[in-house]
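Novice: Structure incoming, see below.
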Amino acid sequence: MEYVTLNNGIKMPKLGYGVYQTPLEDTKKCVLDAIEIGYRSIDTAQAYGNEAGIGDALKECGIPREEFFVTTKVWITNAGYEKAKASIEESLRKLKTDYIDLLLIHQPFGDYYGTYRAMEEAYNASKVRAIGISNFGPDRYLDIEHFSEIKPAVNQVETHVFQQQKIAKEYMKKYGCQIESWGPFAEGKNNMFTNEVLTKIGKNYGKTAAQVALRFLLQSDVVVIPKSVHKDRMKQNFEVFDFTLNENEMKEIEALDGGESLFFSHYDPKTVEWFMSIL
C-alpha cells in the first residue's frame with residue numbers, strides 16, 4: 001500500500017474502501033471481504049446509516065484497530081457545535097472505537113463553523129486523529145482554512161477523469177490540504193467503463209478502464225475510495241499498484257477533463273434548496 005502524509009504528520013492510505021449506499025445489513029460482510037483482500041482504509045458517513053456495520057467488521061476481523069484508517073463525516077442535520085459534538089460521540093459508539101482516524105464535515109451547509117469547532121475539540125481530546133471537510137469548493141475551503149485553528153487535512157470532493165478538480169487541487173496544494181476523491185468512477189457516467197481512451201491504455205497493461213481511472217488519480221496525488229459490494233471488483237480495484245502510466249498516457253487522460261460536476265453543483269440554487277429542505 002502507498003500512503004500520503006497529511007498536514008499533521010498522520011499517514012493515510014492512498015486507496016481505501018467506500019461504503020456509500022451499502023445497506024447496513026450488508027456492510028459487515030462487504031467490509032470483511034474488503035479487509036480480507038487487503039483494504040485497511042474504510043470510508044463511511046453518518047448519513048450512510050451503516051457505521052455500525054463497520055464497527056462490527058472491525059471487531060470481528062481479528063486485526064488490531066491501529067492497523068485501520070477509519071473515516072466518517074458529520075451530516076448537515078448535526079451541524080452546529082452541540083449537535084456535532086453529540087453526533088461524534090454517537091459515531092464513536094456505532095463504530096465501536098475509541099477514536100476516528102479522519103472526521104470530515106460532509107456538506108458546506110448549516111453552521112459548519114460550529115461543527116468544525118466541535119471537531120477541533122474532539123481532535124484536541126485525541127478522539128480524532130485528523131479533521132477535514134467534504135464538498136467544499138475552493139472559495140469555502142479557503143474561508144474555513146483561514147479562520148480555523150486546526151487546518152483541514154483533507155477535502156473529499158467529486159473527482160474523476162471527467163472532473164479532475166484542477167483549480168481546487170491548486171489551492172489545496174498551496175495550503176497543504178490533501179484532495180480525496182468521492183465517485184472515482186463517476187458512477188459509470190459518460191460510459192466510463194468503456195471509454196475508448198481508458199480502454200486503449202488499459203490494454204497496454206492488461207487492466208480495465210476502471211483500473212486505469214484509479215491509477216490516473218493515484219498518480220495525480222488523489223486519494224481514492226472506490227466502492228463495490230462484489231468481492232471480485234473489490235480485488236480489481238485493489239490491483240492498481242503494479243503498473244504505472246507514462247507521461248503521454250497521463251496527458252491523454254488529462255484531456256478527458258470537462259471541469260464540471262457530473263452530479264450536482266453546490267453553487268446551484270436548486271441544489272442548495274434541496275439541502276436546506278432536509279434541515
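Going through the C-alpha cells in order, the chains are called A, B, and so on, while each chain numbers its residues from 1 and the ligands are numbered from 1 in the order shown.
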Name the residues of segment 21-237 of chain A that come out as strand (DSSP E or B) in a backbone DSSP run; write them as a PyMOL selection string.
Specialist: chain A and resi 41-43+69-74+100+102-105+128+131-134+154-158+160+163+178-182+223-224
Novice: Name the residues in contact with segment 21-37 of chain A at a cut-off of 6 Å, using only C-alpha atoms, excluding same-chain residues fewer than 3 positions from it; report them as a list in words.
Specialist: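 Contacts, with the query itself left out: Asn50, Gly53, Ile54, Ala57 and Val229 of chain A.
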Novice: So that I can see what lies close to segment 254-263 of chain A, please list as a PyMOL selection string the residues with an atom at most 10 Å from it, counting only C-alpha atoms and leaving out residues fewer than 5 positions away in the same chain.
Specialist: chain A and resi 158-167+183+186-187+189-190+195+197-198+216+220+248-249
Novice: Output the selection as an mmCIF file, in the first residue's frame - N, CA, C and O atoms for each residue.
Specialist:
data_model
loop_
_atom_site.group_PDB
_atom_site.id
_atom_site.type_symbol
_atom_site.label_atom_id
_atom_site.label_comp_id
_atom_site.auth_asym_id
_atom_site.auth_seq_id
_atom_site.Cartn_x
_atom_site.Cartn_y
_atom_site.Cartn_z
ATOM 1 N N GLU A 158 -15.927 15.455 -5.334
ATOM 2 C CA GLU A 158 -16.131 14.705 -6.572
ATOM 3 C C GLU A 158 -14.884 14.849 -7.457
ATOM 4 O O GLU A 158 -14.556 15.941 -7.905
ATOM 5 N N THR A 159 -14.225 13.749 -7.705
ATOM 6 C CA THR A 159 -13.007 13.785 -8.522
ATOM 7 C C THR A 159 -12.912 12.494 -9.332
ATOM 8 O O THR A 159 -12.936 11.398 -8.767
ATOM 9 N N HIS A 160 -12.831 12.651 -10.627
ATOM 10 C CA HIS A 160 -12.686 11.506 -11.533
ATOM 11 C C HIS A 160 -12.108 12.039 -12.842
ATOM 12 O O HIS A 160 -11.785 13.231 -12.944
ATOM 13 N N VAL A 161 -11.952 11.184 -13.834
ATOM 14 C CA VAL A 161 -11.269 11.610 -15.057
ATOM 15 C C VAL A 161 -12.028 12.707 -15.798
ATOM 16 O O VAL A 161 -11.428 13.477 -16.564
ATOM 17 N N PHE A 162 -13.337 12.808 -15.578
ATOM 18 C CA PHE A 162 -14.135 13.825 -16.263
ATOM 19 C C PHE A 162 -14.277 15.110 -15.455
ATOM 20 O O PHE A 162 -14.754 16.114 -15.967
ATOM 21 N N GLN A 163 -13.914 15.077 -14.187
ATOM 22 C CA GLN A 163 -13.900 16.259 -13.318
ATOM 23 C C GLN A 163 -12.660 16.132 -12.420
ATOM 24 O O GLN A 163 -12.692 15.528 -11.351
ATOM 25 N N GLN A 164 -11.564 16.685 -12.887
ATOM 26 C CA GLN A 164 -10.276 16.464 -12.232
ATOM 27 C C GLN A 164 -9.933 17.508 -11.169
ATOM 28 O O GLN A 164 -8.875 17.423 -10.551
ATOM 29 N N GLN A 165 -10.820 18.470 -10.958
ATOM 30 C CA GLN A 165 -10.674 19.450 -9.867
ATOM 31 C C GLN A 165 -9.324 20.184 -9.930
ATOM 32 O O GLN A 165 -8.667 20.401 -8.903
ATOM 33 N N LYS A 166 -8.941 20.612 -11.113
ATOM 34 C CA LYS A 166 -7.620 21.220 -11.285
ATOM 35 C C LYS A 166 -7.460 22.510 -10.483
ATOM 36 O O LYS A 166 -6.416 22.744 -9.873
ATOM 37 N N ILE A 167 -8.473 23.358 -10.461
ATOM 38 C CA ILE A 167 -8.375 24.619 -9.716
ATOM 39 C C ILE A 167 -8.376 24.338 -8.212
ATOM 40 O O ILE A 167 -7.563 24.887 -7.465
ATOM 41 N N GLY A 183 -16.621 9.224 -5.723
ATOM 42 C CA GLY A 183 -17.072 8.968 -7.090
ATOM 43 C C GLY A 183 -15.942 8.824 -8.081
ATOM 44 O O GLY A 183 -16.014 9.402 -9.170
ATOM 45 N N ALA A 186 -17.107 8.025 -11.399
ATOM 46 C CA ALA A 186 -18.192 8.885 -11.887
ATOM 47 C C ALA A 186 -19.512 8.115 -11.963
ATOM 48 O O ALA A 186 -20.400 8.460 -12.745
ATOM 49 N N GLU A 187 -19.605 7.050 -11.118
ATOM 50 C CA GLU A 187 -20.790 6.182 -11.100
ATOM 51 C C GLU A 187 -21.166 5.719 -12.507
ATOM 52 O O GLU A 187 -22.340 5.547 -12.839
ATOM 53 N N LYS A 189 -20.972 7.243 -15.324
ATOM 54 C CA LYS A 189 -21.445 8.249 -16.273
ATOM 55 C C LYS A 189 -20.430 8.429 -17.403
ATOM 56 O O LYS A 189 -19.254 8.100 -17.284
ATOM 57 N N ASN A 190 -20.899 8.995 -18.518
ATOM 58 C CA ASN A 190 -20.078 9.200 -19.719
ATOM 59 C C ASN A 190 -19.472 7.891 -20.228
ATOM 60 O O ASN A 190 -18.395 7.877 -20.827
ATOM 61 N N ASN A 195 -14.898 3.687 -21.908
ATOM 62 C CA ASN A 195 -14.270 4.846 -22.530
ATOM 63 C C ASN A 195 -13.093 4.409 -23.406
ATOM 64 O O ASN A 195 -12.244 3.620 -22.990
ATOM 65 N N VAL A 197 -10.377 5.935 -24.557
ATOM 66 C CA VAL A 197 -9.031 6.283 -24.096
ATOM 67 C C VAL A 197 -8.600 5.366 -22.961
ATOM 68 O O VAL A 197 -7.492 4.807 -22.976
ATOM 69 N N LEU A 198 -9.459 5.191 -21.962
ATOM 70 C CA LEU A 198 -9.116 4.362 -20.807
ATOM 71 C C LEU A 198 -8.956 2.896 -21.208
ATOM 72 O O LEU A 198 -8.043 2.204 -20.725
ATOM 73 N N PHE A 216 -4.745 6.655 -12.652
ATOM 74 C CA PHE A 216 -4.563 8.058 -13.032
ATOM 75 C C PHE A 216 -4.722 8.972 -11.817
ATOM 76 O O PHE A 216 -3.910 9.882 -11.596
ATOM 77 N N SER A 220 -1.964 11.234 -9.777
ATOM 78 C CA SER A 220 -2.239 12.672 -9.704
ATOM 79 C C SER A 220 -2.321 13.134 -8.250
ATOM 80 O O SER A 220 -2.819 14.223 -7.974
ATOM 81 N N ASN A 248 2.722 10.361 -21.563
ATOM 82 C CA ASN A 248 1.779 10.559 -22.658
ATOM 83 C C ASN A 248 0.386 10.038 -22.292
ATOM 84 O O ASN A 248 -0.635 10.651 -22.632
ATOM 85 N N GLU A 249 0.349 8.903 -21.602
ATOM 86 C CA GLU A 249 -0.938 8.343 -21.180
ATOM 87 C C GLU A 249 -1.621 9.253 -20.171
ATOM 88 O O GLU A 249 -2.846 9.456 -20.221
#
Novice: Under the rule that only C-alpha atoms are counted, which of A:Asn7, A:Ser148, A:Asn237, A:Asn155 is the nearest residue to Phe185 of chain A?
Specialist: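 Among the listed residues, the smallest separation from Phe185 of chain A belongs to A:Asn237.
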Novice: To one decimal in Å, tell me the separation between atom CA of Asp139 of chain A and atom CA of Glu180 of chain A.
Specialist: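 Here the two named atoms are 17.2 Å from each other.
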Novice: Can you tell me how far atom CA of Val224 of chain A sits from atom CA of Glu170 of chain A, in Å to one decimal?
Specialist: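 These atoms are spaced 17.9 Å apart.
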Novice: As a list in words, please: the residues near Ser228 of chain A (cut-off 10 Å, only C-alpha atoms, same-chain neighbours under 2 positions excluded).
Specialist: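 Near Ser228 of chain A, the qualifying residues are Tyr17, Gly18, Val19, Tyr20, Gln21, Thr22, Cys30, Ala34, Ile225, Pro226, His230, Lys231, Asp232, Arg233, Met234, Lys235 and Asn237 of chain A.
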Novice: Could you write those residues out with N, CA, C and O atoms, as an mmCIF file, in the first residue's frame?
Specialist:
data_model
loop_
_atom_site.group_PDB
_atom_site.id
_atom_site.type_symbol
_atom_site.label_atom_id
_atom_site.label_comp_id
_atom_site.auth_asym_id
_atom_site.auth_seq_id
_atom_site.Cartn_x
_atom_site.Cartn_y
_atom_site.Cartn_z
ATOM 1 N N TYR A 17 -11.606 1.795 0.945
ATOM 2 C CA TYR A 17 -12.858 1.145 0.549
ATOM 3 C C TYR A 17 -14.028 1.984 1.045
ATOM 4 O O TYR A 17 -14.133 2.306 2.234
ATOM 5 N N GLY A 18 -14.913 2.373 0.120
ATOM 6 C CA GLY A 18 -16.071 3.188 0.460
ATOM 7 C C GLY A 18 -17.335 2.369 0.596
ATOM 8 O O GLY A 18 -17.503 1.355 -0.088
ATOM 9 N N VAL A 19 -18.236 2.798 1.468
ATOM 10 C CA VAL A 19 -19.487 2.057 1.698
ATOM 11 C C VAL A 19 -20.726 2.917 1.446
ATOM 12 O O VAL A 19 -21.798 2.657 1.988
ATOM 13 N N TYR A 20 -20.582 3.933 0.608
ATOM 14 C CA TYR A 20 -21.742 4.760 0.248
ATOM 15 C C TYR A 20 -22.813 3.889 -0.398
ATOM 16 O O TYR A 20 -22.526 3.073 -1.274
ATOM 17 N N GLN A 21 -24.054 4.019 0.072
ATOM 18 C CA GLN A 21 -25.224 3.304 -0.434
ATOM 19 C C GLN A 21 -25.185 1.801 -0.155
ATOM 20 O O GLN A 21 -25.979 1.049 -0.714
ATOM 21 N N THR A 22 -24.271 1.357 0.693
ATOM 22 C CA THR A 22 -24.275 -0.052 1.094
ATOM 23 C C THR A 22 -25.248 -0.204 2.263
ATOM 24 O O THR A 22 -25.084 0.448 3.296
ATOM 25 N N CYS A 30 -19.436 -6.954 3.535
ATOM 26 C CA CYS A 30 -18.663 -6.279 2.495
ATOM 27 C C CYS A 30 -17.322 -5.787 3.046
ATOM 28 O O CYS A 30 -16.275 -5.934 2.404
ATOM 29 N N ALA A 34 -13.524 -6.821 2.061
ATOM 30 C CA ALA A 34 -12.506 -5.827 1.696
ATOM 31 C C ALA A 34 -11.257 -5.997 2.558
ATOM 32 O O ALA A 34 -10.125 -5.919 2.048
ATOM 33 N N ILE A 225 -11.343 6.159 -2.874
ATOM 34 C CA ILE A 225 -12.104 5.223 -2.033
ATOM 35 C C ILE A 225 -13.190 4.546 -2.874
ATOM 36 O O ILE A 225 -14.383 4.754 -2.657
ATOM 37 N N PRO A 226 -12.803 3.734 -3.871
ATOM 38 C CA PRO A 226 -13.807 3.085 -4.713
ATOM 39 C C PRO A 226 -14.711 2.166 -3.902
ATOM 40 O O PRO A 226 -14.292 1.578 -2.902
ATOM 41 N N HIS A 230 -19.185 -6.257 -4.653
ATOM 42 C CA HIS A 230 -18.759 -7.512 -5.266
ATOM 43 C C HIS A 230 -17.275 -7.749 -4.986
ATOM 44 O O HIS A 230 -16.428 -6.911 -5.315
ATOM 45 N N LYS A 231 -16.971 -8.894 -4.419
ATOM 46 C CA LYS A 231 -15.598 -9.165 -3.977
ATOM 47 C C LYS A 231 -14.598 -9.145 -5.134
ATOM 48 O O LYS A 231 -13.467 -8.672 -4.978
ATOM 49 N N ASP A 232 -15.008 -9.647 -6.303
ATOM 50 C CA ASP A 232 -14.083 -9.653 -7.441
ATOM 51 C C ASP A 232 -13.756 -8.235 -7.898
ATOM 52 O O ASP A 232 -12.610 -7.938 -8.262
ATOM 53 N N ARG A 233 -14.749 -7.335 -7.826
ATOM 54 C CA ARG A 233 -14.499 -5.937 -8.183
ATOM 55 C C ARG A 233 -13.627 -5.256 -7.130
ATOM 56 O O ARG A 233 -12.775 -4.442 -7.447
ATOM 57 N N MET A 234 -13.878 -5.570 -5.853
ATOM 58 C CA MET A 234 -13.019 -5.026 -4.796
ATOM 59 C C MET A 234 -11.565 -5.402 -5.072
ATOM 60 O O MET A 234 -10.653 -4.575 -4.913
ATOM 61 N N LYS A 235 -11.354 -6.656 -5.472
ATOM 62 C CA LYS A 235 -9.997 -7.136 -5.749
ATOM 63 C C LYS A 235 -9.392 -6.397 -6.933
ATOM 64 O O LYS A 235 -8.226 -5.981 -6.892
ATOM 65 N N ASN A 237 -10.138 -3.414 -7.964
ATOM 66 C CA ASN A 237 -9.860 -2.035 -7.550
ATOM 67 C C ASN A 237 -8.600 -1.937 -6.703
ATOM 68 O O ASN A 237 -7.969 -0.874 -6.644
#
Novice: Show which residues sit within 10 Å of Met276 of chain A, as a list in words. Count only C-alpha atoms, and ignore same-chain residues fewer than 6 positions away.
Specialist: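 My reading of the contact set: Ile76, Thr77, Phe109, Gly110 and Lys270 of chain A.
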Novice: Please produce an output containing N, CA, C and O atoms for each residue in the selection, written as a CSV table (one decimal), in the first residue's frame.
Specialist:
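Resulting contents of selection.csv:
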chain,number,residue,atom,x,y,z
A,76,ILE,N,-25.3,17.2,7.8
A,76,ILE,CA,-25.8,18.6,7.9
A,76,ILE,C,-26.9,18.7,9.0
A,76,ILE,O,-27.0,19.8,9.6
A,77,THR,N,-27.6,17.7,9.2
A,77,THR,CA,-28.6,17.7,10.3
A,77,THR,C,-28.0,17.7,11.7
A,77,THR,O,-28.7,18.0,12.7
A,109,PHE,N,-22.9,23.3,4.4
A,109,PHE,CA,-24.2,24.0,4.7
A,109,PHE,C,-24.4,23.9,6.2
A,109,PHE,O,-23.9,23.1,6.9
A,110,GLY,N,-25.3,24.8,6.7
A,110,GLY,CA,-25.6,24.8,8.1
A,110,GLY,C,-24.5,25.5,8.8
A,110,GLY,O,-23.6,26.1,8.2
A,270,LYS,N,-30.9,25.5,-6.9
A,270,LYS,CA,-31.8,24.4,-6.7
A,270,LYS,C,-31.2,23.3,-5.8
A,270,LYS,O,-31.9,22.7,-5.0
Novice: Name the closest residue to Tyr112 of chain A among the candidates A:Ile63, A:Ala86, A:Ala79, A:Val154; distances are taken between atoms, counting only C-alpha atoms.
Specialist: A:Ala79
Novice: A:Phe193, A:Phe136, A:Phe275, A:Phe147: which is nearest Met172 of chain A, counting only C-alpha atoms?
Specialist: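 Once distances to Met172 of chain A are computed over only C-alpha atoms, the minimum belongs to A:Phe136.
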Novice: With DSSP run on the backbone, what are the helix (DSSP H, G or I) residues within segment 143-232 of chain A? I'd like them as an MDAnalysis selection string.
Specialist: chainID A and resid 143:147 166:175 186:194 196:203 209:219 231:232
Novice: What separation in Å, quoted to one decimal, exists between atom CA of Val222 of chain A and atom CA of Ile179 of chain A?
Specialist: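 Distance between the two atoms: 5.6 Å.
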